[in-house]
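Report on one structure; see the data block that follows.
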Amino acid sequence: MSRGTMPHPAAWADPGYGETPPREAGGAAPEAGKAAAEQEEDMYRDEYEIEKEKELLIHERGSSEPRLSVAPEMDIMDYCKKEWRGNTQKATCMKKGYEEVSQKFTSIRRVRGDNYCALRATLFQAMSQPAALPAWLQDPELTLWAGLAELRTAEARQAACDELFTNEAEEFSLYEAVKFLMLNRAIELYDDKEKGKDVPLFSVLLFARDTSSDPGQLLKNHLNQVGHTGGLEQVEMFLLAYAVRHTIQVYRLSKHSTEEFITVYPTDPPRDWPVVTLIAEDDRHYNVPVRVCEETSL
């Protein structure tokens, strides 16, 4: 586990968790001579397919059917086999990564991959846990969210989260509230740095960027864009962890067999912070593993 390496920043935007072509070897080629070569390529959606899926998502918003932002759970290795059928180096790496994750978790829930993805995955995991919710979520004015604090069983908490994550208005309000918390935490860290106090390394890097040299620029050029034109960058995952007071542990499947395979935000978290676990295939899109293996829980 890497606790001292800062992952490379990356932003992400993906239209959703709907059916996508598997990342498999092969694919229809206009010429037979190209078929063999293309069988060694991983299949990803092209721009046309992404735009078509966006149109479908817009159409779905007009439907009376509630749309869950976190898909129902499925066996984690079944998901892996569906998504990664090729024998390329990348596909092999992903399979090995999923195999290792499956030693700890039996299932996975795919997260809708828009520009709120990192916030959605983190908060869904944090709010689904039977552990006590952070104080900021227990404000009486936040009736739907505060009600989660009274639910002690995992099943009850999960059902309440599923309800919340089908209500776009409530869901997006939650994300915007968390962005405000991130800004508040950034202001505190910036003030401490200006006063010469010790601050976490990530906050130094956060304000070393040309586009976020102070909290005002961070808000204008980064936080305001999250959920709209961009997602969270890697350095901002640290800020998210500080804002919600949860340790965020991420299985970075593309980094399997390296020290960065499991990355923790922050690198040295307070021991009393609850832990949420996410899965990232490419440091852009986050899914959530569920159902801890019995032998692991023991």
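Labeling convention for the structure tokens: chains A, B, ... as they appear, residues from 1 per chain, ligands from 1 in order of appearance.
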
Would you pick out the contacts of region 176-188 of chain A at 12 Å or less, using only C-alpha atoms, so that residues sharing its chain but fewer than 6 positions from it are not included, and give the list as an mmCIF file with N, CA, C and O atoms, in the first residue's frame?
data_model
loop_
_atom_site.group_PDB
_atom_site.id
_atom_site.type_symbol
_atom_site.label_atom_id
_atom_site.label_comp_id
_atom_site.auth_asym_id
_atom_site.auth_seq_id
_atom_site.Cartn_x
_atom_site.Cartn_y
_atom_site.Cartn_z
ATOM 1 N N TYR A 116 -19.957 14.011 -11.342
ATOM 2 C CA TYR A 116 -20.106 13.900 -9.889
ATOM 3 C C TYR A 116 -19.618 12.530 -9.397
ATOM 4 O O TYR A 116 -19.817 12.187 -8.238
ATOM 5 N N ALA A 118 -16.906 10.826 -8.486
ATOM 6 C CA ALA A 118 -16.085 10.633 -7.284
ATOM 7 C C ALA A 118 -16.877 10.983 -6.029
ATOM 8 O O ALA A 118 -16.809 10.262 -5.023
ATOM 9 N N LEU A 119 -17.633 12.079 -6.078
ATOM 10 C CA LEU A 119 -18.463 12.455 -4.941
ATOM 11 C C LEU A 119 -19.545 11.402 -4.698
ATOM 12 O O LEU A 119 -19.799 10.995 -3.563
ATOM 13 N N ARG A 120 -20.173 10.955 -5.780
ATOM 14 C CA ARG A 120 -21.266 9.979 -5.662
ATOM 15 C C ARG A 120 -20.774 8.675 -5.021
ATOM 16 O O ARG A 120 -21.395 8.167 -4.097
ATOM 17 N N THR A 122 -18.062 8.061 -3.217
ATOM 18 C CA THR A 122 -17.597 8.252 -1.841
ATOM 19 C C THR A 122 -18.764 8.412 -0.878
ATOM 20 O O THR A 122 -18.811 7.759 0.177
ATOM 21 N N LEU A 123 -19.714 9.268 -1.226
ATOM 22 C CA LEU A 123 -20.829 9.536 -0.317
ATOM 23 C C LEU A 123 -21.778 8.343 -0.221
ATOM 24 O O LEU A 123 -22.320 8.067 0.852
ATOM 25 N N PRO A 134 -21.129 11.513 9.878
ATOM 26 C CA PRO A 134 -20.430 12.713 10.341
ATOM 27 C C PRO A 134 -21.427 13.785 10.763
ATOM 28 O O PRO A 134 -22.572 13.820 10.296
ATOM 29 N N TRP A 136 -21.873 16.836 10.062
ATOM 30 C CA TRP A 136 -22.452 17.732 9.065
ATOM 31 C C TRP A 136 -23.655 17.120 8.365
ATOM 32 O O TRP A 136 -24.466 17.840 7.794
ATOM 33 N N LEU A 137 -23.792 15.798 8.410
ATOM 34 C CA LEU A 137 -24.946 15.146 7.786
ATOM 35 C C LEU A 137 -26.106 14.961 8.756
ATOM 36 O O LEU A 137 -27.145 14.448 8.382
ATOM 37 N N LEU A 142 -31.405 19.014 7.256
ATOM 38 C CA LEU A 142 -31.177 18.050 6.181
ATOM 39 C C LEU A 142 -31.980 16.798 6.501
ATOM 40 O O LEU A 142 -31.450 15.745 6.804
ATOM 41 N N TRP A 145 -31.247 13.329 4.783
ATOM 42 C CA TRP A 145 -29.923 12.817 5.089
ATOM 43 C C TRP A 145 -29.774 12.558 6.578
ATOM 44 O O TRP A 145 -29.171 11.562 6.997
ATOM 45 N N ALA A 169 -32.661 15.752 -7.536
ATOM 46 C CA ALA A 169 -32.624 17.057 -6.863
ATOM 47 C C ALA A 169 -31.937 16.941 -5.505
ATOM 48 O O ALA A 169 -31.055 17.734 -5.160
ATOM 49 N N GLU A 170 -32.334 15.948 -4.706
ATOM 50 C CA GLU A 170 -31.729 15.742 -3.388
ATOM 51 C C GLU A 170 -30.268 15.332 -3.529
ATOM 52 O O GLU A 170 -29.391 15.801 -2.793
ATOM 53 N N GLU A 194 -0.516 30.067 5.273
ATOM 54 C CA GLU A 194 -0.082 31.460 5.256
ATOM 55 C C GLU A 194 0.479 31.893 6.614
ATOM 56 O O GLU A 194 1.337 32.779 6.686
ATOM 57 N N LYS A 195 -0.005 31.260 7.668
ATOM 58 C CA LYS A 195 0.480 31.583 9.021
ATOM 59 C C LYS A 195 1.710 30.782 9.400
ATOM 60 O O LYS A 195 2.225 30.914 10.516
ATOM 61 N N LYS A 197 1.934 27.508 9.655
ATOM 62 C CA LYS A 197 1.633 26.278 10.384
ATOM 63 C C LYS A 197 1.874 25.065 9.494
ATOM 64 O O LYS A 197 1.904 25.161 8.270
ATOM 65 N N ASP A 198 2.069 23.915 10.137
ATOM 66 C CA ASP A 198 2.233 22.683 9.381
ATOM 67 C C ASP A 198 0.915 22.307 8.717
ATOM 68 O O ASP A 198 -0.149 22.336 9.359
ATOM 69 N N VAL A 199 0.996 21.958 7.453
ATOM 70 C CA VAL A 199 -0.197 21.542 6.707
ATOM 71 C C VAL A 199 0.129 20.265 5.946
ATOM 72 O O VAL A 199 1.296 19.975 5.687
ATOM 73 N N PRO A 200 -0.872 19.476 5.598
ATOM 74 C CA PRO A 200 -0.619 18.258 4.831
ATOM 75 C C PRO A 200 0.029 18.580 3.483
ATOM 76 O O PRO A 200 -0.217 19.636 2.898
ATOM 77 N N PHE A 202 -0.590 17.474 0.567
ATOM 78 C CA PHE A 202 -1.514 17.661 -0.542
ATOM 79 C C PHE A 202 -1.988 19.100 -0.650
ATOM 80 O O PHE A 202 -2.230 19.613 -1.754
ATOM 81 N N SER A 203 -2.137 19.781 0.508
ATOM 82 C CA SER A 203 -2.628 21.163 0.449
ATOM 83 C C SER A 203 -1.576 22.088 -0.152
ATOM 84 O O SER A 203 -1.915 23.085 -0.810
ATOM 85 N N VAL A 204 -0.301 21.768 0.047
ATOM 86 C CA VAL A 204 0.765 22.541 -0.587
ATOM 87 C C VAL A 204 0.678 22.387 -2.102
ATOM 88 O O VAL A 204 0.769 23.362 -2.857
ATOM 89 N N LEU A 205 0.490 21.143 -2.550
ATOM 90 C CA LEU A 205 0.369 20.874 -3.983
ATOM 91 C C LEU A 205 -0.914 21.471 -4.554
ATOM 92 O O LEU A 205 -0.946 21.942 -5.697
ATOM 93 N N LEU A 206 -1.986 21.457 -3.744
ATOM 94 C CA LEU A 206 -3.273 21.992 -4.183
ATOM 95 C C LEU A 206 -3.150 23.452 -4.570
ATOM 96 O O LEU A 206 -3.651 23.894 -5.613
ATOM 97 N N PHE A 207 -2.456 24.220 -3.712
ATOM 98 C CA PHE A 207 -2.331 25.661 -3.954
ATOM 99 C C PHE A 207 -1.078 26.021 -4.749
ATOM 100 O O PHE A 207 -0.830 27.210 -4.995
ATOM 101 N N SER A 212 -5.158 27.311 -9.064
ATOM 102 C CA SER A 212 -5.753 27.325 -7.717
ATOM 103 C C SER A 212 -4.738 27.781 -6.684
ATOM 104 O O SER A 212 -4.476 27.104 -5.698
ATOM 105 N N SER A 213 -4.177 28.957 -6.912
ATOM 106 C CA SER A 213 -3.157 29.476 -6.003
ATOM 107 C C SER A 213 -3.752 29.988 -4.697
ATOM 108 O O SER A 213 -3.023 30.246 -3.734
ATOM 109 N N ASP A 214 -5.077 30.146 -4.652
ATOM 110 C CA ASP A 214 -5.754 30.555 -3.424
ATOM 111 C C ASP A 214 -7.168 29.959 -3.455
ATOM 112 O O ASP A 214 -7.618 29.449 -4.486
ATOM 113 N N PRO A 215 -7.906 29.995 -2.330
ATOM 114 C CA PRO A 215 -9.244 29.396 -2.301
ATOM 115 C C PRO A 215 -10.212 29.967 -3.338
ATOM 116 O O PRO A 215 -11.053 29.246 -3.857
ATOM 117 N N GLY A 216 -10.081 31.250 -3.637
ATOM 118 C CA GLY A 216 -10.956 31.859 -4.626
ATOM 119 C C GLY A 216 -10.782 31.232 -5.998
ATOM 120 O O GLY A 216 -11.753 30.924 -6.698
ATOM 121 N N GLN A 217 -9.528 31.038 -6.394
ATOM 122 C CA GLN A 217 -9.256 30.396 -7.681
ATOM 123 C C GLN A 217 -9.670 28.930 -7.671
ATOM 124 O O GLN A 217 -10.156 28.409 -8.674
ATOM 125 N N LEU A 218 -9.477 28.284 -6.533
ATOM 126 C CA LEU A 218 -9.890 26.880 -6.417
ATOM 127 C C LEU A 218 -11.390 26.762 -6.659
ATOM 128 O O LEU A 218 -11.848 25.858 -7.379
ATOM 129 N N LEU A 219 -12.147 27.684 -6.072
ATOM 130 C CA LEU A 219 -13.601 27.669 -6.256
ATOM 131 C C LEU A 219 -13.973 27.944 -7.707
ATOM 132 O O LEU A 219 -14.758 27.199 -8.309
ATOM 133 N N LYS A 220 -13.396 28.980 -8.271
ATOM 134 C CA LYS A 220 -13.761 29.410 -9.623
ATOM 135 C C LYS A 220 -13.353 28.395 -10.690
ATOM 136 O O LYS A 220 -14.151 28.050 -11.576
ATOM 137 N N HIS A 222 -12.081 25.175 -10.285
ATOM 138 C CA HIS A 222 -12.143 23.729 -10.042
ATOM 139 C C HIS A 222 -13.470 23.305 -9.401
ATOM 140 O O HIS A 222 -14.240 22.571 -10.004
ATOM 141 N N LEU A 223 -13.729 23.734 -8.179
ATOM 142 C CA LEU A 223 -14.915 23.246 -7.470
ATOM 143 C C LEU A 223 -16.206 23.603 -8.196
ATOM 144 O O LEU A 223 -17.138 22.786 -8.249
ATOM 145 N N ASN A 224 -16.277 24.798 -8.752
ATOM 146 C CA ASN A 224 -17.492 25.176 -9.473
ATOM 147 C C ASN A 224 -17.714 24.317 -10.720
ATOM 148 O O ASN A 224 -18.846 24.186 -11.191
ATOM 149 N N GLN A 225 -16.656 23.745 -11.238
ATOM 150 C CA GLN A 225 -16.760 22.936 -12.457
ATOM 151 C C GLN A 225 -17.133 21.482 -12.166
ATOM 152 O O GLN A 225 -17.617 20.769 -13.057
ATOM 153 N N VAL A 226 -16.904 21.032 -10.928
ATOM 154 C CA VAL A 226 -17.187 19.644 -10.577
ATOM 155 C C VAL A 226 -18.680 19.366 -10.715
ATOM 156 O O VAL A 226 -19.517 20.091 -10.179
ATOM 157 N N GLY A 227 -19.003 18.315 -11.445
ATOM 158 C CA GLY A 227 -20.393 17.975 -11.702
ATOM 159 C C GLY A 227 -20.926 18.573 -12.992
ATOM 160 O O GLY A 227 -21.997 18.192 -13.451
ATOM 161 N N HIS A 228 -20.188 19.521 -13.573
ATOM 162 C CA HIS A 228 -20.656 20.204 -14.775
ATOM 163 C C HIS A 228 -19.709 19.937 -15.944
ATOM 164 O O HIS A 228 -20.044 19.188 -16.855
ATOM 165 N N GLY A 231 -14.580 16.593 -13.368
ATOM 166 C CA GLY A 231 -14.692 15.855 -12.117
ATOM 167 C C GLY A 231 -13.586 16.239 -11.161
ATOM 168 O O GLY A 231 -12.864 17.218 -11.383
ATOM 169 N N LEU A 232 -13.443 15.475 -10.087
ATOM 170 C CA LEU A 232 -12.381 15.740 -9.122
ATOM 171 C C LEU A 232 -11.047 15.228 -9.643
ATOM 172 O O LEU A 232 -10.955 14.112 -10.150
ATOM 173 N N VAL A 235 -5.545 15.191 -6.610
ATOM 174 C CA VAL A 235 -5.177 15.964 -5.436
ATOM 175 C C VAL A 235 -6.419 16.429 -4.683
ATOM 176 O O VAL A 235 -6.400 16.612 -3.456
ATOM 177 N N GLU A 236 -7.532 16.592 -5.394
ATOM 178 C CA GLU A 236 -8.776 17.018 -4.766
ATOM 179 C C GLU A 236 -9.482 15.883 -4.031
ATOM 180 O O GLU A 236 -10.361 16.132 -3.207
ATOM 181 N N MET A 237 -9.072 14.637 -4.315
ATOM 182 C CA MET A 237 -9.594 13.511 -3.540
ATOM 183 C C MET A 237 -9.134 13.603 -2.087
ATOM 184 O O MET A 237 -9.851 13.218 -1.168
ATOM 185 N N PHE A 238 -7.934 14.136 -1.892
ATOM 186 C CA PHE A 238 -7.444 14.344 -0.528
ATOM 187 C C PHE A 238 -8.306 15.382 0.183
ATOM 188 O O PHE A 238 -8.671 15.217 1.354
ATOM 189 N N LEU A 239 -8.625 16.458 -0.531
ATOM 190 C CA LEU A 239 -9.456 17.504 0.053
ATOM 191 C C LEU A 239 -10.843 16.958 0.377
ATOM 192 O O LEU A 239 -11.420 17.295 1.425
ATOM 193 N N LEU A 240 -11.382 16.115 -0.480
ATOM 194 C CA LEU A 240 -12.686 15.490 -0.219
ATOM 195 C C LEU A 240 -12.631 14.669 1.069
ATOM 196 O O LEU A 240 -13.548 14.738 1.894
ATOM 197 N N ALA A 241 -11.569 13.900 1.237
ATOM 198 C CA ALA A 241 -11.435 13.080 2.438
ATOM 199 C C ALA A 241 -11.421 13.953 3.692
ATOM 200 O O ALA A 241 -12.081 13.642 4.690
ATOM 201 N N TYR A 242 -10.702 15.065 3.637
ATOM 202 C CA TYR A 242 -10.656 15.976 4.782
ATOM 203 C C TYR A 242 -12.009 16.634 5.022
ATOM 204 O O TYR A 242 -12.400 16.883 6.164
ATOM 205 N N ALA A 243 -12.728 16.915 3.953
ATOM 206 C CA ALA A 243 -14.016 17.588 4.095
ATOM 207 C C ALA A 243 -15.053 16.688 4.758
ATOM 208 O O ALA A 243 -15.812 17.130 5.621
ATOM 209 N N VAL A 244 -15.110 15.414 4.352
ATOM 210 C CA VAL A 244 -16.131 14.508 4.890
ATOM 211 C C VAL A 244 -15.609 13.685 6.062
ATOM 212 O O VAL A 244 -16.353 12.900 6.652
ATOM 213 N N ARG A 245 -14.334 13.865 6.390
ATOM 214 C CA ARG A 245 -13.713 13.182 7.527
ATOM 215 C C ARG A 245 -13.874 11.662 7.426
ATOM 216 O O ARG A 245 -14.243 10.987 8.377
#

Pick the closest to Asp78 (chain A) from A:Cys93, A:Leu189, A:Ile108, A:Ala280: which is it, counting only C-alpha atoms?
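Using only C-alpha atoms, the shortest distance to Asp78 (chain A) belongs to A:Ile108.
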
Taking the chain letters and numbering used in this document, name the residues of region 161-291 of chain A that DSSP puts in strand (DSSP E or B), as an MDAnalysis selection string.
chainID A and resid 226 230 247:252 262:265 275:280 286:291

Please identify all polymer residues within 12 Å of Glu281 (chain A), counting only C-alpha atoms, omitting same-chain residues fewer than 2 positions from it, and present them as a PyMOL selection string.
chain A and resi 12+23+80+83-84+90-91+93-98+110+250-256+261-262+278-279+283-288

Between CA of Phe172 (chain A) and CA of Ser128 (chain A), what is the distance, to one decimal in Å?
17.2 Å

Just give me the gap between CA of Ala160 (chain A) and CA of Tyr265 (chain A) in Å, one decimal is fine.
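Interatomic distance, CA of Ala160 (chain A) to CA of Tyr265 (chain A): 26.4 Å.
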
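CA of Gln129 (chain A) is positioned 10.4 Å from CA of Val290 (chain A).
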
Shell of 10 Å around Pro270 (chain A), only C-alpha atoms, local chain residues under 3 positions omitted, as a list in words
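Skipping anything fewer than 3 positions along the chain leaves Arg245, His246, Thr247, Pro266, Thr267, Trp273 and Pro274 of chain A.
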
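Excluding Asp162 (chain A) itself and any same-chain residue fewer than 2 positions from it, the protein and nucleic acid residues within 9 Å of it, counting only C-alpha atoms, are Leu68, Ser69, Val70, Phe124, Ser128, Arg157, Gln158, Ala159, Ala160, Leu164, Phe165 and Thr166 of chain A.
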
Can you write just those residues out, N, CA, C and O atoms, as an mmCIF file, in the first residue's frame?
data_model
loop_
_atom_site.group_PDB
_atom_site.id
_atom_site.type_symbol
_atom_site.label_atom_id
_atom_site.label_comp_id
_atom_site.auth_asym_id
_atom_site.auth_seq_id
_atom_site.Cartn_x
_atom_site.Cartn_y
_atom_site.Cartn_z
ATOM 1 N N LEU A 68 -31.735 4.907 -10.661
ATOM 2 C CA LEU A 68 -30.760 4.753 -9.592
ATOM 3 C C LEU A 68 -29.376 5.138 -10.099
ATOM 4 O O LEU A 68 -28.939 4.656 -11.146
ATOM 5 N N SER A 69 -28.698 6.013 -9.370
ATOM 6 C CA SER A 69 -27.379 6.468 -9.786
ATOM 7 C C SER A 69 -26.287 5.470 -9.455
ATOM 8 O O SER A 69 -25.163 5.616 -9.928
ATOM 9 N N VAL A 70 -26.607 4.500 -8.620
ATOM 10 C CA VAL A 70 -25.666 3.421 -8.308
ATOM 11 C C VAL A 70 -26.389 2.123 -8.636
ATOM 12 O O VAL A 70 -27.399 1.795 -8.026
ATOM 13 N N PHE A 124 -21.968 7.634 -1.322
ATOM 14 C CA PHE A 124 -22.824 6.452 -1.270
ATOM 15 C C PHE A 124 -22.241 5.428 -0.298
ATOM 16 O O PHE A 124 -22.965 4.868 0.530
ATOM 17 N N SER A 128 -23.919 4.531 3.356
ATOM 18 C CA SER A 128 -24.462 3.181 3.432
ATOM 19 C C SER A 128 -23.982 2.428 4.662
ATOM 20 O O SER A 128 -24.589 1.441 5.079
ATOM 21 N N ARG A 157 -30.039 1.158 6.232
ATOM 22 C CA ARG A 157 -29.254 2.273 5.707
ATOM 23 C C ARG A 157 -29.125 2.167 4.185
ATOM 24 O O ARG A 157 -29.206 3.161 3.470
ATOM 25 N N GLN A 158 -28.936 0.920 3.692
ATOM 26 C CA GLN A 158 -28.788 0.716 2.259
ATOM 27 C C GLN A 158 -30.062 1.091 1.515
ATOM 28 O O GLN A 158 -30.029 1.739 0.463
ATOM 29 N N ALA A 159 -31.211 0.684 2.060
ATOM 30 C CA ALA A 159 -32.487 0.991 1.421
ATOM 31 C C ALA A 159 -32.715 2.504 1.367
ATOM 32 O O ALA A 159 -33.203 3.044 0.363
ATOM 33 N N ALA A 160 -32.354 3.207 2.439
ATOM 34 C CA ALA A 160 -32.519 4.660 2.468
ATOM 35 C C ALA A 160 -31.603 5.337 1.452
ATOM 36 O O ALA A 160 -31.986 6.313 0.797
ATOM 37 N N LEU A 164 -32.459 7.772 -1.745
ATOM 38 C CA LEU A 164 -31.847 9.077 -1.946
ATOM 39 C C LEU A 164 -31.220 9.192 -3.327
ATOM 40 O O LEU A 164 -31.356 10.209 -4.013
ATOM 41 N N PHE A 165 -30.543 8.115 -3.757
ATOM 42 C CA PHE A 165 -29.807 8.182 -5.008
ATOM 43 C C PHE A 165 -30.672 7.909 -6.235
ATOM 44 O O PHE A 165 -30.161 7.627 -7.315
ATOM 45 N N THR A 166 -31.994 7.970 -6.068
ATOM 46 C CA THR A 166 -32.897 8.003 -7.220
ATOM 47 C C THR A 166 -33.551 9.371 -7.351
ATOM 48 O O THR A 166 -34.315 9.605 -8.281
#
